[in-house]
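Okay, so here's the structure we're looking at.
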Amino acid sequence: MIAKSHALIFPTCLTTGLLLGQVGLSQTTNSGDFTLDPTLVTSERESGEEPASDPVINPSPALGGKLPYTIFETPRGVESVTREEFTERGAQNLEEAARYLSGVQSGYYGLDNRQDFIRMRGQSTLNYRDGLQYNFNFYNNTPQEAYAVEQVDFVKGPASLLFGRGSVGGTVNTSSKIAGPGVENEIMAGYGTEDRMQFGLDYNMAVNEAETVFLRFVGYYRESETYVDFVNDDSWFISPSITWQPTEDTSLSFLFHHQENDSRPSLQFYPYEAAQIDGFTLRNELYAGEPSLDRYDTEQTSVTFLLEHQINDIFSVNSTLRYLKSSADYIEHTIVPPAIGNAFIAPLPEGSFHRLLYGSDHETDVFSGNVVLNAKFETADVKHNVQFGIDATRSERERYTLPANPGLFGLNYAYGGFLDFTNPNYGAMAVALPDRTELDEFTEELFGVYLSNRVEWNNLIVTMGTRFDDYSLESTNFATDKQDNWTFDAGVMYQAAYGISPYYSYAESFEPQGINDFTGEAFKPKTGTQHELGVKWMPNEETLVVASVFDIKEDNRVIGSGALSQEQSSVDTQGAEFSYQQRMGDFAIQTAYTYLDTENNDIEGSPRLSGVPEHQASAWLTYKPLAGPLENFRAGLGVRYTGDRWDGRDAIKTESYTLMDAMVGYQWEDFDIQLNVSNLFDRQYIQTTETSELLGTDVTNAFLGQDRSVNVVATYSF
């Protein structure tokens, strides 16, 4: 335990020592007294200014007025990835956009085109868009396309004060592209590995001479295969918007978004035994399903209203309202762990595995919205920013599944034959798809109200807030789940000289977990608390350093899915994070380091959480000459290290790996071309191993890492 404690505090102590050394040096080289005045350094863009070509060092999270301060001014762990950053790194989705952040783990399962799985501080996250929840349950909506996104914000740790329901690990919020001033029009075309063809249009214009009404049209089309045999990843969307800005104090936007995705499930639940077959090497291109039957086709339409209004010198209001309708047609063959299949179905020779066939149709309708009233005022020499907010969500879901199968313990599956991994013969054991007749109807409602105050007095910043949420889940086949929850949030930051700001924060979260399909009873909500101690250093607009340590406790964790879900008690996480961003003339660098020590207290021996590395680090370096013969040239190189991971039982270790990414680009007047390579040396590796209990037996799945991908994108700006 002593060694772990030292490892936990070392990165922060080292960083703090370096920062204090900088302070001491400055004090010894300047004579006379000095006053510790607050240092507020920001890098926000002015309204109407064209987007900067370089990544923004200190952006403001785009959370609809809920967190209206820059990262440096916020006493908690927050990171933002601007459009410039994930365009520069060639990110094709949200997981790839998160690759170079501290405390964030992307690609946990490898390639999964069903939705975005991002983990923060060792835990899964919930995804929001424009401050409203985006995902409802699993596999009933489209994944977010990066081309429709302006910025991605990562709020680390519990954040129920801001969002209501949320993960103890953190919350991901994306901001949609919206019509307005200062938008550069573009036409995009790209081609890459696995015949990935993509086209995009982003067109924005002022409708009238006064430039108070703006129209924007964002459209995207993609046809692509993947490195998994038979799995395509096709998508298209249209996203028109209109913004009315009658005065500098008012902005009202309307956004319509329609998206369709056509694919097969890319995530293969390989049994760990498949990686141990003598004379056979398991490759991630092996498809474990049936190409003639399997599919994951989704469609989603949403209408969003966004309002920003400065009422007077004190009060302002932000509001977002959305109606969302989505559907999914999901058919998949999944591998039965051999210990279960051989015991309960029939023994098979090594290399062959039984499969189960799953099918469901989802229909989802969601009404959601929030209103945030801000009041900024001063009492004596104390500044206040009081927020009063209301959030409300109502979702109605219909799910048609296969009928209960008495031969499979009453589960909603059919037997799907077996597959020989060493010589797959698709179609030979394929069965006809039974009708999906089993209907579940769910109505989920969440209403939350919160009050917070941010107080600034001289160099001191104090934030305090509390929130009440009322939640209910009703269904046709299960018990009603009703909950009400109070959550609290507080932080303190001292803005000292030389841009140094130590801080402490405390935060809580709650997350409803639905109904146990097997018992029909509601799970207890997952709850979490976090203590975080850190320091932020921003001596100028070109530098930002953040270091922190944190302690997280999670209760009522549920593992598994569907009828195989189980409720557990608690998980403890201690960790440290360090990030450093710097622009130095022609160069820009971003580095990140994460240390995590996790314990699952309900399993004998308190093993580490599956797939969570103790050490993780990354660095991205960009070279972009400001003048000279290479002025229009740019290049980037990144390295990502993921340390050893365990399977959730501390029985199977997954070896560490290091990946490299690269970028080269050239801009000539209005034309730009960029080449990105992910996993430059095509490293083959196991991403995650997971062990869980199934029918009284421990079974392990292996998820393989992603292959090298090469993509070139050409853009014409006008």
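To be explicit about the labels: the chains of the structure tokens are called A, B, and onward in the order shown, and within each one the residues are counted from 1, while ligands get numbers from 1 in the order they are shown.
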Write out as an mmCIF file with N, CA and C atoms, in the first residue's frame each polymer residue whose atoms come within 8 Å of Gly665 in chain A, counting only C-alpha atoms; drop sequence neighbours fewer than 3 positions from it.
```cif
data_model
loop_
_atom_site.group_PDB
_atom_site.id
_atom_site.type_symbol
_atom_site.label_atom_id
_atom_site.label_comp_id
_atom_site.auth_asym_id
_atom_site.auth_seq_id
_atom_site.Cartn_x
_atom_site.Cartn_y
_atom_site.Cartn_z
ATOM 1 N N PHE A 633 3.061 24.147 -45.036
ATOM 2 C CA PHE A 633 3.229 22.728 -44.704
ATOM 3 C C PHE A 633 2.976 22.518 -43.209
ATOM 4 N N ARG A 634 2.516 21.330 -42.852
ATOM 5 C CA ARG A 634 2.362 20.968 -41.442
ATOM 6 C C ARG A 634 2.554 19.462 -41.292
ATOM 7 N N ALA A 635 2.954 19.066 -40.120
ATOM 8 C CA ALA A 635 3.149 17.645 -39.834
ATOM 9 C C ALA A 635 2.898 17.408 -38.359
ATOM 10 N N ASP A 672 -6.794 22.495 -49.274
ATOM 11 C CA ASP A 672 -6.024 21.857 -48.212
ATOM 12 C C ASP A 672 -6.112 20.347 -48.388
ATOM 13 N N ILE A 673 -4.984 19.680 -48.198
ATOM 14 C CA ILE A 673 -4.961 18.220 -48.251
ATOM 15 C C ILE A 673 -4.189 17.711 -47.042
ATOM 16 N N GLN A 674 -4.712 16.655 -46.434
ATOM 17 C CA GLN A 674 -4.097 16.123 -45.213
ATOM 18 C C GLN A 674 -4.158 14.610 -45.220
ATOM 19 N N LEU A 675 -3.059 13.989 -44.832
ATOM 20 C CA LEU A 675 -2.943 12.539 -44.717
ATOM 21 C C LEU A 675 -2.750 12.179 -43.251
#
```
Each residue of range 155-267 of chain A lying at most 7 Å from range 276-285 of chain A should get a row with its shortest atom-to-atom pair and the distance in Å to one decimal, counting only C-alpha atoms; could you produce that, ordered by chain and increasing number, as JSON lines?
```
{"residue": "A:Tyr227", "atom": "CA", "partner": "A:Glu285", "partner_atom": "CA", "distance": 5.4}
{"residue": "A:Val228", "atom": "CA", "partner": "A:Glu285", "partner_atom": "CA", "distance": 3.8}
{"residue": "A:Asp229", "atom": "CA", "partner": "A:Glu285", "partner_atom": "CA", "distance": 5.3}
```
- Rank A:Tyr100, A:Tyr415, A:Tyr191, A:Phe269 by their smallest atom-to-atom distance to Tyr641 in chain A, using only C-alpha atoms, and report the top residue only.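 Smallest separation from Tyr641 in chain A among the options: A:Tyr100.
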- Item | CA of Glu308 in chain A to CA of Leu201 in chain A, straight-line distance in Å |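 One can read the CA of Leu201 in chain A to CA of Glu308 in chain A distance as 26.6 Å.
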- Just asking: which residues within range 429-617 of chain A are strand (DSSP E or B) according to DSSP, as a PyMOL selection string? chain A and resi 438-457+460-475+481-494+500-511+515+522+526-537+543-555+558-559+566-567+570-584+587-600+615-617
Sort by chain and increasing residue number a table of all residues of range 585-674 of chain A within 9 Å of range 113-129 of chain A, each with its closest pair of atoms and their distance in Å to one decimal, counting only C-alpha atoms, and write it as a Markdown table.
```
| residue | atom | partner | partner_atom | distance |
| --- | --- | --- | --- | --- |
| A:Thr594 | CA | A:Arg121 | CA | 8.5 |
| A:Tyr595 | CA | A:Arg121 | CA | 8.9 |
| A:Leu596 | CA | A:Arg121 | CA | 7.2 |
| A:Asp597 | CA | A:Gly122 | CA | 9.0 |
| A:Thr598 | CA | A:Gly122 | CA | 7.7 |
| A:Leu609 | CA | A:Gly122 | CA | 7.7 |
| A:Gly611 | CA | A:Gly122 | CA | 8.5 |
| A:Val612 | CA | A:Gly122 | CA | 5.8 |
| A:Pro613 | CA | A:Gly122 | CA | 8.3 |
```
Residue subset to file, keeping N, CA, C and O atoms, as a CSV table (one decimal), in the first residue's frame:
```csv
chain,number,residue,atom,x,y,z
A,594,THR,N,-1.8,9.4,-17.0
A,594,THR,CA,-2.8,9.0,-16.1
A,594,THR,C,-2.4,7.8,-15.3
A,594,THR,O,-1.8,6.8,-15.8
A,595,TYR,N,-2.6,7.9,-14.0
A,595,TYR,CA,-2.4,6.7,-13.1
A,595,TYR,C,-3.7,6.4,-12.4
A,595,TYR,O,-4.4,7.3,-11.9
A,596,LEU,N,-4.0,5.1,-12.4
A,596,LEU,CA,-5.3,4.6,-11.8
A,596,LEU,C,-5.0,3.4,-11.0
A,596,LEU,O,-4.4,2.4,-11.5
A,597,ASP,N,-5.6,3.4,-9.8
A,597,ASP,CA,-5.5,2.2,-8.9
A,597,ASP,C,-7.0,1.9,-8.5
A,597,ASP,O,-7.6,2.7,-7.8
A,598,THR,N,-7.5,0.8,-9.1
A,598,THR,CA,-8.9,0.5,-8.9
A,598,THR,C,-9.1,-0.8,-8.1
A,598,THR,O,-8.3,-1.7,-8.2
A,609,LEU,N,-10.3,-3.3,-11.8
A,609,LEU,CA,-11.4,-3.3,-12.9
A,609,LEU,C,-10.8,-3.8,-14.2
A,609,LEU,O,-9.7,-3.6,-14.5
A,611,GLY,N,-9.7,-4.2,-17.9
A,611,GLY,CA,-9.4,-3.3,-19.0
A,611,GLY,C,-8.8,-2.0,-18.6
A,611,GLY,O,-8.5,-1.2,-19.5
A,612,VAL,N,-8.7,-1.7,-17.3
A,612,VAL,CA,-8.2,-0.3,-16.9
A,612,VAL,C,-6.7,-0.4,-16.6
A,612,VAL,O,-6.3,-1.1,-15.7
A,613,PRO,N,-5.9,0.3,-17.4
A,613,PRO,CA,-4.5,0.3,-17.2
A,613,PRO,C,-4.1,1.1,-16.0
A,613,PRO,O,-4.7,2.2,-15.6
```
- Task: To one decimal in Å, tell me the separation between CA of Asn423 in chain A and CA of Glu350 in chain A.
- Result: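 Distance reported for this atom pair: 11.8 Å.
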- Query: Which neighbours of Lys325 in chain A fall inside 10 Å, counting only C-alpha atoms, when residues of the same chain fewer than 5 positions from it are skipped, and could you give them as a PyMOL selection string?
  - Reply: chain A and resi 140-141+258+299-303+363-367+395-397
So that I have them on file, write out the residues from the current selection with N, CA and C atoms, as a tab-separated table (two decimals), in the first residue's frame.
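result_1.tsv, written as the output of this step:
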```tsv
chain	number	residue	atom	x	y	z
A	140	ASN	N	-30.02	1.65	-29.67
A	140	ASN	CA	-31.28	2.09	-30.27
A	140	ASN	C	-31.14	3.46	-30.91
A	141	ASN	N	-29.92	3.87	-31.21
A	141	ASN	CA	-29.72	5.17	-31.84
A	141	ASN	C	-28.45	5.15	-32.68
A	258	HIS	N	-31.01	14.72	-39.43
A	258	HIS	CA	-31.47	13.38	-39.80
A	258	HIS	C	-30.27	12.56	-40.22
A	299	GLU	N	-31.63	4.67	-37.59
A	299	GLU	CA	-32.12	5.91	-38.19
A	299	GLU	C	-32.53	6.85	-37.07
A	300	GLN	N	-32.19	8.12	-37.21
A	300	GLN	CA	-32.50	9.07	-36.15
A	300	GLN	C	-32.82	10.44	-36.73
A	301	THR	N	-33.85	11.07	-36.18
A	301	THR	CA	-34.24	12.42	-36.56
A	301	THR	C	-34.43	13.24	-35.30
A	302	SER	N	-33.91	14.46	-35.29
A	302	SER	CA	-34.07	15.32	-34.13
A	302	SER	C	-34.28	16.76	-34.56
A	303	VAL	N	-35.01	17.49	-33.72
A	303	VAL	CA	-35.24	18.91	-33.89
A	303	VAL	C	-34.84	19.58	-32.58
A	363	GLU	N	-37.70	1.31	-31.05
A	363	GLU	CA	-38.29	2.58	-31.44
A	363	GLU	C	-38.25	3.49	-30.22
A	364	THR	N	-37.68	4.69	-30.38
A	364	THR	CA	-37.51	5.59	-29.24
A	364	THR	C	-37.98	6.99	-29.61
A	365	ASP	N	-38.76	7.59	-28.72
A	365	ASP	CA	-39.18	8.98	-28.83
A	365	ASP	C	-38.79	9.70	-27.55
A	366	VAL	N	-38.10	10.84	-27.71
A	366	VAL	CA	-37.59	11.56	-26.55
A	366	VAL	C	-37.93	13.03	-26.65
A	367	PHE	N	-38.50	13.57	-25.57
A	367	PHE	CA	-38.66	15.01	-25.40
A	367	PHE	C	-37.75	15.42	-24.24
A	395	SER	N	-38.74	9.91	-22.18
A	395	SER	CA	-38.45	9.02	-23.31
A	395	SER	C	-39.42	7.85	-23.28
A	396	GLU	N	-39.89	7.50	-24.47
A	396	GLU	CA	-40.77	6.35	-24.65
A	396	GLU	C	-40.09	5.38	-25.60
A	397	ARG	N	-39.92	4.13	-25.16
A	397	ARG	CA	-39.20	3.15	-25.95
A	397	ARG	C	-40.05	1.90	-26.15
```
